[in-house]
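Here is the structure we will look at.
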Amino acid sequence: MIVLENVSKVFKIKDKEVRAVDDVKIHVKKGEIHGVIGYSGAGKSTLIRCVNLLERPSSGKVMIDGENITALSPNKLREARQKIGIIFQGFNLLKTATVYENIAIPLKLLGIDKEEVKARTVKYLEIVGLSDKHSNYPSQLSGGQKQRVAIARALSQEPEILLSDEATSALDPETTESILDLLLKINKEFGITILLITHEMDVIRKICDYVYVLESGKIVEDGTAIDLFTSPGHRTTKKFLSSIAQRNLSSSLISQLHLSGPVIRLTFTGDVTGKPLLAEVNQKFAVKSNILAANIIELKNGVIGNLVVHFVGSNADVDDAVHFLKEQGVGVEELRDDN
């Protein structure tokens, strides 16, 4: 549905070239939700603006539903953009227009029939839960309500694709959760393909099927959400994951706890998540398990359990216990400072 082929965007600032997006490859399948995560300055906003050519790539192709939109004439590009809705961090609402008008005016500018404009405006205000706010002005709305208006406006053009440019970063956690629930509902009920950018791992956790990690304009790691949460490879991915779950214990903390022997992170996915395997280890082998940290991460498509455990016992017994856990499908990793 959305394919970026070796897309780069270079800005010239005085005598220097800044490569904001560097040879990026992305493939978003129809009906899926993909997320691009990165820190400030990673190139996320430039990247997502390349998808609908608000920023024209310096090189590479942008394919939408099999069509190379980077090669289209201005008139054809305008038509292609009608398939692509976008919501912004700053809402971009007309301050002097009512909620109803903020949705209806763009439709009128597209030349849509008056009765159809009314029908769509009423329909999508109801979908985002703001039917009772149609006469209000943006200044009378909360941040979450403003974003719902922006989502209704994007949906009213009945796009096949929805782009989200940090749409929840200005919202409090509770409101963020409600907006993410709304995006999930839209994806499920209308089959709209969603590509979002964010710096919040909780956003990725909640709604994404697939994830791209962006650093200095490059995709440094990508994979399904479950794969990246289970076995992150790049230091940036690990850093993001540490923001929502305890992933390691420093050598200084291990020293303070007077721990001798291995400190191991156990990762449980799929069917093994609900099995009492640590209790089985204690019964089957001459080892004692000291749980130092634990958490469960609920993703859109699964659950991951993490335990940081100190095993006490002989080397042979600990090795046997670890081998047993691996056989059961548990991820086992001895912790070091760089994990």
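In the structure tokens, the first chain shown is A, the next is B, and so on; residue numbers restart at 1 for each chain, and ligands run from 1 in the order shown.
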
At a cut-off of 6 Å, can you tabulate as a Markdown table every residue of segment 123-200 of chain A near segment 28-37 of chain A together with its closest atom pair and the distance in Å to one decimal, using only C-alpha atoms and ordering rows by chain then number?
| residue | atom | partner | partner_atom | distance |
| --- | --- | --- | --- | --- |
| A:Gly191 | CA | A:Gly31 | CA | 5.0 |
| A:Ile192 | CA | A:Gly31 | CA | 5.5 |
| A:Thr193 | CA | A:Gly31 | CA | 4.4 |
| A:Ile194 | CA | A:Ile33 | CA | 4.7 |
| A:Leu195 | CA | A:His34 | CA | 5.0 |
| A:Leu196 | CA | A:Gly35 | CA | 4.9 |
| A:Ile197 | CA | A:Val36 | CA | 4.7 |
| A:Thr198 | CA | A:Ile37 | CA | 5.0 |
| A:His199 | CA | A:Ile37 | CA | 5.3 |

Using only N, CA, C and O atoms, please write the residues we just selected to a file, as an mmCIF file, in the first residue's frame.
data_model
loop_
_atom_site.group_PDB
_atom_site.id
_atom_site.type_symbol
_atom_site.label_atom_id
_atom_site.label_comp_id
_atom_site.auth_asym_id
_atom_site.auth_seq_id
_atom_site.Cartn_x
_atom_site.Cartn_y
_atom_site.Cartn_z
ATOM 1 N N GLY A 191 -10.705 -0.289 7.704
ATOM 2 C CA GLY A 191 -9.590 -0.894 6.986
ATOM 3 C C GLY A 191 -8.562 0.103 6.500
ATOM 4 O O GLY A 191 -7.809 -0.173 5.551
ATOM 5 N N ILE A 192 -8.514 1.273 7.131
ATOM 6 C CA ILE A 192 -7.583 2.310 6.700
ATOM 7 C C ILE A 192 -6.162 1.950 7.138
ATOM 8 O O ILE A 192 -5.920 1.581 8.284
ATOM 9 N N THR A 193 -5.240 2.056 6.219
ATOM 10 C CA THR A 193 -3.825 1.814 6.494
ATOM 11 C C THR A 193 -3.259 3.036 7.211
ATOM 12 O O THR A 193 -3.485 4.171 6.783
ATOM 13 N N ILE A 194 -2.515 2.810 8.293
ATOM 14 C CA ILE A 194 -2.002 3.931 9.094
ATOM 15 C C ILE A 194 -0.486 3.851 9.196
ATOM 16 O O ILE A 194 0.077 2.796 9.501
ATOM 17 N N LEU A 195 0.170 4.966 8.919
ATOM 18 C CA LEU A 195 1.600 5.123 9.162
ATOM 19 C C LEU A 195 1.764 6.285 10.120
ATOM 20 O O LEU A 195 1.299 7.395 9.852
ATOM 21 N N LEU A 196 2.394 6.038 11.252
ATOM 22 C CA LEU A 196 2.556 7.087 12.256
ATOM 23 C C LEU A 196 4.009 7.261 12.632
ATOM 24 O O LEU A 196 4.817 6.341 12.499
ATOM 25 N N ILE A 197 4.337 8.460 13.094
ATOM 26 C CA ILE A 197 5.655 8.707 13.672
ATOM 27 C C ILE A 197 5.467 9.129 15.119
ATOM 28 O O ILE A 197 4.460 9.759 15.483
ATOM 29 N N THR A 198 6.426 8.765 15.946
ATOM 30 C CA THR A 198 6.308 9.049 17.373
ATOM 31 C C THR A 198 7.676 8.949 18.031
ATOM 32 O O THR A 198 8.612 8.376 17.461
ATOM 33 N N HIS A 199 7.779 9.514 19.224
ATOM 34 C CA HIS A 199 8.970 9.285 20.052
ATOM 35 C C HIS A 199 8.570 8.546 21.332
ATOM 36 O O HIS A 199 9.370 8.427 22.249
#

All residues 8 Å or closer to segment 170-179 of chain A, only C-alpha atoms, same chain fewer than 6 positions away omitted, as a list of chain:residue names
A:Gln89, A:Gly90, A:Gly143, A:Gly144, A:Gln147, A:Arg148

How would the residues just picked look written out with N, CA and C atoms as a compact mmCIF listing (two decimals), in the first residue's frame?
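Okay, this is what ended up in selection11.txt:
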# COMPACT_ATOMS: atom_id res chain seq x y z
N GLN A 89 0.43 17.07 15.06
CA GLN A 89 0.59 17.32 16.50
C GLN A 89 -0.16 18.58 16.92
N GLY A 90 -0.09 19.63 16.09
CA GLY A 90 -0.68 20.92 16.45
C GLY A 90 -2.12 21.10 16.01
N GLY A 143 -7.53 19.56 24.42
CA GLY A 143 -6.57 19.10 23.42
C GLY A 143 -7.00 17.81 22.75
N GLY A 144 -7.53 16.89 23.54
CA GLY A 144 -8.00 15.63 22.97
C GLY A 144 -9.17 15.83 22.02
N GLN A 147 -7.93 17.17 18.72
CA GLN A 147 -7.34 16.12 17.88
C GLN A 147 -8.42 15.25 17.26
N ARG A 148 -9.52 15.03 17.98
CA ARG A 148 -10.63 14.26 17.42
C ARG A 148 -11.27 14.99 16.23

Shortest contact to Ile186 of chain A, candidates A:Asn102, A:Leu155, A:Gly38, A:Leu53, atoms counted only C-alpha atoms, goes to A:Leu155

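Atom pair atom CA of Glu79 of chain A / atom CA of Lys25 of chain A has a distance of 24.3 Å (rounded to one decimal).
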
Gap from atom CA of Ile296 of chain A to atom CA of Thr236 of chain A - Å, one decimal:
21.0 Å

Among listed residues A:Met63, A:Ala150, A:Ala71, A:Ala293, nearest Leu94 of chain A (using only C-alpha atoms):
A:Ala150

May I have all residues of segment 144-329 of chain A that DSSP, computed from the backbone, assigns to helix (DSSP H, G or I), given as number ranges by chain?
A: 144-156, 173-190, 201-207, 225-230, 235-242, 251-256, 270-274, 277-284, 315-327

My list of candidates is A:Leu47, A:Val312, A:Ile87, A:Ala104. Which is closest to Glu116 of chain A when distances are computed with only C-alpha atoms?
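The answer is A:Ala104, which sits nearest to Glu116 of chain A.
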
May I have the residues within 12 Å of Gly223 of chain A as an MDAnalysis selection string, using only C-alpha atoms and disregarding those fewer than 3 positions away in the same chain?
chainID A and resid 26:28 34:36 204 208:213 219:220 226:234 237
